[in-house]
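One structure is given below, encoded as structure tokens.
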Amino acid sequence: MGLNIDRVEDNSGPGHAQPETTTISILVPSEKMGTQPQELHGVCLPPQKTTFQKLRHKLSEIFFPDDPLHGLKNQTRLNKILFALHFVFPIFQWAPNYNLTLFRSDVVSGLTIASLAIPQGISYAKLANLPPVIGLYSSFVPPLIYAVLGSSKHLAVGPVSIASLVMGTMLNDAVSYTLNPVLYLKLAFTATFFAGLFQASLGFLRLGFLIDFLSKATLVGFMAGAAVIVSMQQLKGLLGIVNFTSKMQIIPVLSSVIERRDEWSWHAIMMGFSFLACLLTTRQIGLRKPKLFWISAAAPLTLVILSTLIVALFKSKLHNIATIGQLKKGLNPSSLDMLYFHGEFLAVAVKTGAVTGLLSLTEGIAVGRTFASLKNYQVDGNKEMIAIGLMNMAGSCSSCYVTTGSFSRSAVNENAGGQTAMSNIIMALTVLVTLLFLMPLFRYTPDLILAAIIVTAVIGLIDYQSAFRLWKVDKLDFVACLSSFLGVLFVSVPVGLAVAVGVSVFKILLHVTRPNTGVLGNIPGTQIYQDLDRYREAQRVPSFFILSVEAPIYFANSMYLQERILRWLREEEDWIAANNGSTLKCVIIDMTAVTAMDTSGLAMMNELKRMLEKRSLQFVLTNPVGSVMEKLHKSNTLESFGSDGLYITVGEAVAHVSSSWKTQL
């Protein structure tokens, strides 16, 4: 590469050998530092690579940042086969070393989470407008599949409240379960299939970064809004109302509660709110004293049994209390013939599957990573996507609806001493026993206890402390949180989710199109240059205007940056005039944080240089990263800057340009 700039070093020769660095000793004048020698370093080009090498490296960074196949390096064929087996089926990682001690711990935790999963499964199925038995089916097959394919030791799999709510809301807008139960079931199973397909595809294609568009801030608002709506909907069971609205907005729900007050049942109110108070009390006990987790874990099933006995013994006096009714015994029937792949409602099933799949995937991976961090092990996000996706696809063929990792059940699993995914198998076997032998016992289980269980479960989703932190730390994040919260409450759950994603994308675009810039000054006695607004001790360097750009320079922000830099320059000149400062001679842009630049950015740089030259101002760039340096070179932009236009640090730029002015005098 022939370059006319003597301090730009070509580091792209054969074998990428490092050239001997040329340094120039410069005297740096400073009132407080005295005259000190400063070495002037060359700015290196990155090693030369072919287009294919660059593309390969870029794709590797995008899709394989964790290098999942690093274990295959320098391995024998047998070890490679074993590695592949462990990679695809994580159960083979822990099963060979499984022992009786681990089994005892997993049995205890499996039975404990089963006591929570059974009543929650029934409750969440009703939340999705599905028959209660579907919730139990969904607590049997998916956990077995996850135990084989999942990489988390503590994730307890089953139905969850948010996915159930979203599925019920979106499907009910198109088809009523009451009017057309068969079609509703078909759409539910088909939506589950597409949710699993969507999730597994993200994992196989290494596209897990897409779920990051649901930021923490928007999820806090979305979850809180959904929790409020879910809780308000449960007033139907807690108050004993028969004809209740199916809408999922706060105003119609409150209106229905008031308009149907003639249907309120004092029996239901007394029992429902008493059980709710018990569940909330046991939940607080579990939160404040983790060693007593078993109290909050066993409370739902215990109260289900108690409420069922009360209704069964006093059914003549409590005839107006709605109950679950007869549940069918037996294993999950096949639902393969109920998958709906054609017809006018296919789009509804696909859309519902995509939305519920995204939400359940986000929740499941977040829960898995949380407990992996607590227990100091790693969870592969893409493998989790594949595991969750395949278990939902298999579940859709066995009368299950969307499932994922539940935070409440996973917390109980960890507190109960769960050590491996065997706890999911124990839980599934307990549900199996329930399906085969205990279903008749739920005939008199009242709806009010299911409503109380749902309220207790979702109330933990209202994270007001996180909302307060958002307000304190980042007002824009708080606006995103509030927007998704209000969208769920007053419009609909899908719209609230769309608002959440939209605000997240808007925030990204805002940061990209309006990047931060700042004026730098020198901290006396050092070669450190920092933002004048942040560091009071930093001082302007006479005759220099030093600016930092803190973002990549793309087509989306190049014109903004040009206008903003010119505005900074105008303000600097006004400041100099007002304070009788030294005449401005040089503009330096610190490129340290400019991680990339496209052709629009290059054009902006050239245009800015021409504009500054017309004003007799020298234009200097410092510390461009490798990719930016390469583009500056290939576009011949470096040629226009000359030997005094590119430096490795701001300090060297100031020193060398200052000394060049002195030699010209």
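Residues are referred to by chain and number: the chain letter is A, B, ... according to the order shown in the structure tokens, the number counts from 1 in that chain, and ligands are numbered separately from 1 in the order shown.
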
Spatial neighbours of A:Val549, 9 Å, only C-alpha atoms, chain gap at least 3 places, as an mmCIF file with N, CA and C atoms, in the first residue's frame:
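New file part-v1.cif:
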data_model
loop_
_atom_site.group_PDB
_atom_site.id
_atom_site.type_symbol
_atom_site.label_atom_id
_atom_site.label_comp_id
_atom_site.auth_asym_id
_atom_site.auth_seq_id
_atom_site.Cartn_x
_atom_site.Cartn_y
_atom_site.Cartn_z
ATOM 1 N N PRO A 515 -26.050 11.028 18.165
ATOM 2 C CA PRO A 515 -24.994 10.583 19.087
ATOM 3 C C PRO A 515 -24.461 11.729 19.943
ATOM 4 N N ASN A 516 -23.826 11.338 21.033
ATOM 5 C CA ASN A 516 -23.238 12.332 21.926
ATOM 6 C C ASN A 516 -21.961 12.917 21.322
ATOM 7 N N THR A 517 -21.761 14.194 21.536
ATOM 8 C CA THR A 517 -20.512 14.873 21.203
ATOM 9 C C THR A 517 -20.142 15.749 22.390
ATOM 10 N N GLY A 518 -18.870 16.048 22.519
ATOM 11 C CA GLY A 518 -18.454 16.881 23.636
ATOM 12 C C GLY A 518 -17.139 17.576 23.362
ATOM 13 N N PRO A 552 -20.609 5.431 16.166
ATOM 14 C CA PRO A 552 -20.268 5.210 14.759
ATOM 15 C C PRO A 552 -20.852 6.331 13.900
ATOM 16 N N ILE A 553 -20.204 6.620 12.783
ATOM 17 C CA ILE A 553 -20.688 7.668 11.881
ATOM 18 C C ILE A 553 -21.283 7.000 10.655
ATOM 19 N N LEU A 561 -24.175 15.162 12.594
ATOM 20 C CA LEU A 561 -22.863 15.411 13.178
ATOM 21 C C LEU A 561 -22.178 16.609 12.520
ATOM 22 N N ILE A 589 -10.681 16.200 16.096
ATOM 23 C CA ILE A 589 -11.786 15.291 16.444
ATOM 24 C C ILE A 589 -11.195 13.997 16.978
ATOM 25 N N ASP A 590 -11.537 13.681 18.221
ATOM 26 C CA ASP A 590 -11.103 12.422 18.835
ATOM 27 C C ASP A 590 -12.018 11.304 18.346
ATOM 28 N N MET A 591 -11.440 10.335 17.593
ATOM 29 C CA MET A 591 -12.227 9.266 16.960
ATOM 30 C C MET A 591 -12.228 7.976 17.779
ATOM 31 N N THR A 592 -11.778 8.029 19.023
ATOM 32 C CA THR A 592 -11.642 6.810 19.822
ATOM 33 C C THR A 592 -12.937 6.015 19.898
ATOM 34 N N ALA A 593 -14.070 6.696 20.060
ATOM 35 C CA ALA A 593 -15.360 6.014 20.231
ATOM 36 C C ALA A 593 -16.104 5.807 18.924
ATOM 37 N N VAL A 594 -15.491 6.219 17.806
ATOM 38 C CA VAL A 594 -16.128 6.015 16.493
ATOM 39 C C VAL A 594 -15.757 4.608 16.026
#

What are the closest atom pairs, with distances in Å to one decimal, for each residue of stretch 447-513 of chain A lying within 9 Å of stretch 257-276 of chain A, using only C-alpha atoms, rows by chain and rising residue number, as a Markdown table?
| residue | atom | partner | partner_atom | distance |
| --- | --- | --- | --- | --- |
| A:Asp447 | CA | A:Gly272 | CA | 9.0 |
| A:Leu448 | CA | A:Gly272 | CA | 5.2 |
| A:Ile449 | CA | A:Gly272 | CA | 6.2 |
| A:Ala451 | CA | A:Gly272 | CA | 7.9 |
| A:Ala452 | CA | A:Leu276 | CA | 4.9 |
| A:Ile453 | CA | A:Leu276 | CA | 7.3 |
| A:Val455 | CA | A:Leu276 | CA | 7.8 |
| A:Thr456 | CA | A:Leu276 | CA | 7.2 |

Write the residues of the selection above to a file with C-alpha atoms, as a PDB file, in the first residue's frame.
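What landed in again04.pdb:
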ATOM      1  CA  ASP A 447     -63.102 -21.125  40.444  1.00  0.00           C
ATOM      2  CA  LEU A 448     -62.452 -18.631  43.222  1.00  0.00           C
ATOM      3  CA  ILE A 449     -59.382 -20.498  44.506  1.00  0.00           C
ATOM      4  CA  ALA A 451     -58.550 -16.799  40.765  1.00  0.00           C
ATOM      5  CA  ALA A 452     -56.749 -16.307  44.087  1.00  0.00           C
ATOM      6  CA  ILE A 453     -53.804 -18.421  42.879  1.00  0.00           C
ATOM      7  CA  VAL A 455     -53.595 -13.047  41.545  1.00  0.00           C
ATOM      8  CA  THR A 456     -50.916 -14.261  43.952  1.00  0.00           C
TER       9      THR A 456
END

Which residue of A:Ser423, A:Ser399, A:Gln530, A:Thr595 approaches A:Glu630 most closely, using only C-alpha atoms: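 Residue with the minimum atom-to-atom distance to A:Glu630: A:Thr595.
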
Who sits within 8 Å of stretch 539-543 of chain A, only C-alpha atoms, same chain under 3 positions skipped, as an MDAnalysis selection string: chainID A and resid 520:524 532 536 581:586

Could you pull out the strand (DSSP E or B) residues of stretch 458-567 of chain A, going by DSSP on the backbone, and write them as number ranges by chain? A: 517-522, 529-531, 539, 544-549, 553

Now that the selection is made, can you save its residues with N, CA, C and O atoms as an mmCIF file, in the first residue's frame?
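Final output, selection_38.cif:
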data_model
loop_
_atom_site.group_PDB
_atom_site.id
_atom_site.type_symbol
_atom_site.label_atom_id
_atom_site.label_comp_id
_atom_site.auth_asym_id
_atom_site.auth_seq_id
_atom_site.Cartn_x
_atom_site.Cartn_y
_atom_site.Cartn_z
ATOM 1 N N THR A 517 -21.761 14.194 21.536
ATOM 2 C CA THR A 517 -20.512 14.873 21.203
ATOM 3 C C THR A 517 -20.142 15.749 22.390
ATOM 4 O O THR A 517 -21.017 16.134 23.175
ATOM 5 N N GLY A 518 -18.870 16.048 22.519
ATOM 6 C CA GLY A 518 -18.454 16.881 23.636
ATOM 7 C C GLY A 518 -17.139 17.576 23.362
ATOM 8 O O GLY A 518 -16.306 17.078 22.601
ATOM 9 N N VAL A 519 -16.953 18.733 23.993
ATOM 10 C CA VAL A 519 -15.719 19.500 23.853
ATOM 11 C C VAL A 519 -14.739 19.056 24.930
ATOM 12 O O VAL A 519 -15.098 18.949 26.103
ATOM 13 N N LEU A 520 -13.497 18.773 24.508
ATOM 14 C CA LEU A 520 -12.480 18.270 25.426
ATOM 15 C C LEU A 520 -11.512 19.374 25.814
ATOM 16 O O LEU A 520 -11.236 20.298 25.038
ATOM 17 N N GLY A 521 -10.993 19.243 27.022
ATOM 18 C CA GLY A 521 -9.945 20.136 27.504
ATOM 19 C C GLY A 521 -8.855 19.339 28.179
ATOM 20 O O GLY A 521 -9.040 18.164 28.523
ATOM 21 N N ASN A 522 -7.726 19.964 28.397
ATOM 22 C CA ASN A 522 -6.579 19.293 29.008
ATOM 23 C C ASN A 522 -6.599 19.448 30.522
ATOM 24 O O ASN A 522 -6.862 20.531 31.050
ATOM 25 N N TYR A 529 -7.047 14.328 28.207
ATOM 26 C CA TYR A 529 -8.045 15.271 27.676
ATOM 27 C C TYR A 529 -9.434 14.707 27.971
ATOM 28 O O TYR A 529 -9.743 13.571 27.587
ATOM 29 N N GLN A 530 -10.247 15.490 28.673
ATOM 30 C CA GLN A 530 -11.571 15.048 29.077
ATOM 31 C C GLN A 530 -12.594 16.146 28.811
ATOM 32 O O GLN A 530 -12.253 17.303 28.544
ATOM 33 N N ASP A 531 -13.876 15.732 28.926
ATOM 34 C CA ASP A 531 -14.987 16.635 28.653
ATOM 35 C C ASP A 531 -14.972 17.828 29.603
ATOM 36 O O ASP A 531 -14.876 17.663 30.826
ATOM 37 N N GLN A 539 -9.025 22.296 31.068
ATOM 38 C CA GLN A 539 -8.914 23.652 30.526
ATOM 39 C C GLN A 539 -8.807 23.603 29.000
ATOM 40 O O GLN A 539 -8.215 22.683 28.438
ATOM 41 N N PHE A 544 -6.765 25.719 19.930
ATOM 42 C CA PHE A 544 -7.269 24.400 19.542
ATOM 43 C C PHE A 544 -8.738 24.253 19.945
ATOM 44 O O PHE A 544 -9.148 24.720 21.014
ATOM 45 N N PHE A 545 -9.495 23.591 19.079
ATOM 46 C CA PHE A 545 -10.866 23.191 19.416
ATOM 47 C C PHE A 545 -10.903 21.664 19.303
ATOM 48 O O PHE A 545 -10.757 21.108 18.217
ATOM 49 N N ILE A 546 -11.063 20.981 20.447
ATOM 50 C CA ILE A 546 -10.961 19.518 20.504
ATOM 51 C C ILE A 546 -12.345 18.947 20.803
ATOM 52 O O ILE A 546 -12.961 19.295 21.814
ATOM 53 N N LEU A 547 -12.799 18.082 19.932
ATOM 54 C CA LEU A 547 -14.166 17.555 20.022
ATOM 55 C C LEU A 547 -14.131 16.029 19.977
ATOM 56 O O LEU A 547 -13.359 15.433 19.215
ATOM 57 N N SER A 548 -14.949 15.382 20.786
ATOM 58 C CA SER A 548 -15.062 13.918 20.743
ATOM 59 C C SER A 548 -16.429 13.532 20.179
ATOM 60 O O SER A 548 -17.444 14.175 20.474
ATOM 61 N N VAL A 549 -16.437 12.484 19.364
ATOM 62 C CA VAL A 549 -17.672 11.916 18.828
ATOM 63 C C VAL A 549 -17.802 10.514 19.411
ATOM 64 O O VAL A 549 -16.876 9.708 19.308
ATOM 65 N N ILE A 553 -20.204 6.620 12.783
ATOM 66 C CA ILE A 553 -20.688 7.668 11.881
ATOM 67 C C ILE A 553 -21.283 7.000 10.655
ATOM 68 O O ILE A 553 -20.560 6.410 9.846
#

One number please: atom CA of A:Arg570 to atom CA of A:Leu612, in Å, one decimal.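 According to the coordinates, atom CA of A:Arg570 and atom CA of A:Leu612 are separated by 11.8 Å.
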
Nearest candidate to A:Met391 (options A:Val657, A:Val412, A:Val458, A:Ala147; using only C-alpha atoms):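 Looking at the shortest contact to A:Met391, the residue is A:Ala147.
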
When you look at A:Ala498 with a cut-off of 12 Å (counting only C-alpha atoms), what residues show up, excluding the ones that are within fewer than 2 positions of it in the same chain? I need them as a PyMOL selection string. chain A and resi 213-214+218-219+222+355+358-359+480+483-488+491-496+500-506

Written selection (C-alpha atoms) as a compact mmCIF listing (two decimals), in the first residue's frame:
# COMPACT_ATOMS: atom_id res chain seq x y z
CA PHE A 213 -35.49 -5.64 21.32
CA LEU A 214 -37.67 -6.23 24.35
CA THR A 218 -40.32 -2.06 28.39
CA LEU A 219 -40.70 -5.51 29.92
CA PHE A 222 -45.52 -4.60 30.03
CA VAL A 355 -46.08 -13.03 20.05
CA LEU A 358 -41.32 -14.19 21.85
CA LEU A 359 -42.67 -13.42 25.32
CA ALA A 480 -40.66 3.37 27.61
CA SER A 483 -45.80 3.67 27.60
CA SER A 484 -45.97 -0.12 27.55
CA PHE A 485 -47.76 -0.16 30.92
CA LEU A 486 -50.47 2.27 29.77
CA GLY A 487 -50.72 0.56 26.39
CA VAL A 488 -51.58 -2.75 28.07
CA VAL A 491 -55.70 -0.45 24.74
CA SER A 492 -54.81 -4.15 24.65
CA VAL A 493 -52.07 -6.60 25.53
CA PRO A 494 -50.81 -6.98 21.92
CA VAL A 495 -50.81 -3.21 21.47
CA GLY A 496 -48.95 -2.81 24.75
CA ALA A 500 -42.92 -1.77 24.13
CA VAL A 501 -41.01 -2.94 21.05
CA GLY A 502 -41.65 0.34 19.23
CA VAL A 503 -40.31 2.46 22.08
CA SER A 504 -37.24 0.21 22.34
CA VAL A 505 -36.53 0.56 18.63
CA PHE A 506 -37.12 4.31 18.81

Identify all residues of stretch 333-405 of chain A in helix (DSSP H, G or I) (DSSP on the backbone) and supply them as a PyMOL selection string. chain A and resi 336-338+346-374+381-396

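The interatomic distance for the pair atom CA of A:Lys609 and atom CA of A:Ser640 works out to 8.8 Å.
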
Among the residues A:Lys153, A:Lys614, A:Arg514, A:Lys507, the one that comes closest to A:Asn376 [using only C-alpha atoms]: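 Under the stated criterion, the closest residue is A:Lys153.
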
For the contact check between stretch 225-287 of chain A and stretch 160-180 of chain A, emit one row per residue of stretch 225-287 of chain A within 10 Å, containing the shortest atom pair and the distance in Å rounded to one decimal, counting only C-alpha atoms, chain then rising number order, as a Markdown table.
| residue | atom | partner | partner_atom | distance |
| --- | --- | --- | --- | --- |
| A:Ala226 | CA | A:Ile162 | CA | 6.9 |
| A:Ala227 | CA | A:Ile162 | CA | 7.9 |
| A:Ile229 | CA | A:Leu165 | CA | 9.2 |
| A:Val230 | CA | A:Leu165 | CA | 7.3 |
| A:Ser246 | CA | A:Asn172 | CA | 8.1 |
| A:Lys247 | CA | A:Thr169 | CA | 7.9 |
| A:Met248 | CA | A:Thr169 | CA | 7.0 |

File of the preceding selection, N, CA, C and O atoms, as a short mmCIF file (atom, residue, chain, number, x, y, z; two decimals), in the first residue's frame:
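Saved file result_10.cif follows:
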data_model
loop_
_atom_site.label_atom_id
_atom_site.label_comp_id
_atom_site.auth_asym_id
_atom_site.auth_seq_id
_atom_site.Cartn_x
_atom_site.Cartn_y
_atom_site.Cartn_z
N ALA A 226 -49.81 -6.10 32.37
CA ALA A 226 -50.48 -7.39 32.22
C ALA A 226 -50.92 -7.95 33.57
O ALA A 226 -52.00 -8.53 33.70
N ALA A 227 -50.07 -7.77 34.59
CA ALA A 227 -50.42 -8.27 35.93
C ALA A 227 -51.66 -7.57 36.47
O ALA A 227 -52.52 -8.21 37.09
N ILE A 229 -54.11 -6.19 34.68
CA ILE A 229 -55.26 -6.66 33.92
C ILE A 229 -55.67 -8.06 34.34
O ILE A 229 -56.86 -8.37 34.53
N VAL A 230 -54.69 -8.95 34.50
CA VAL A 230 -54.98 -10.32 34.92
C VAL A 230 -55.66 -10.32 36.29
O VAL A 230 -56.65 -11.02 36.51
N SER A 246 -65.30 -10.20 28.57
CA SER A 246 -64.11 -10.93 28.11
C SER A 246 -63.02 -9.97 27.65
O SER A 246 -61.94 -10.41 27.26
N LYS A 247 -63.32 -8.66 27.69
CA LYS A 247 -62.33 -7.67 27.25
C LYS A 247 -61.20 -7.56 28.26
O LYS A 247 -61.38 -7.82 29.45
N MET A 248 -60.02 -7.15 27.76
CA MET A 248 -58.83 -7.12 28.59
C MET A 248 -58.28 -5.70 28.75
O MET A 248 -57.09 -5.48 28.76
#
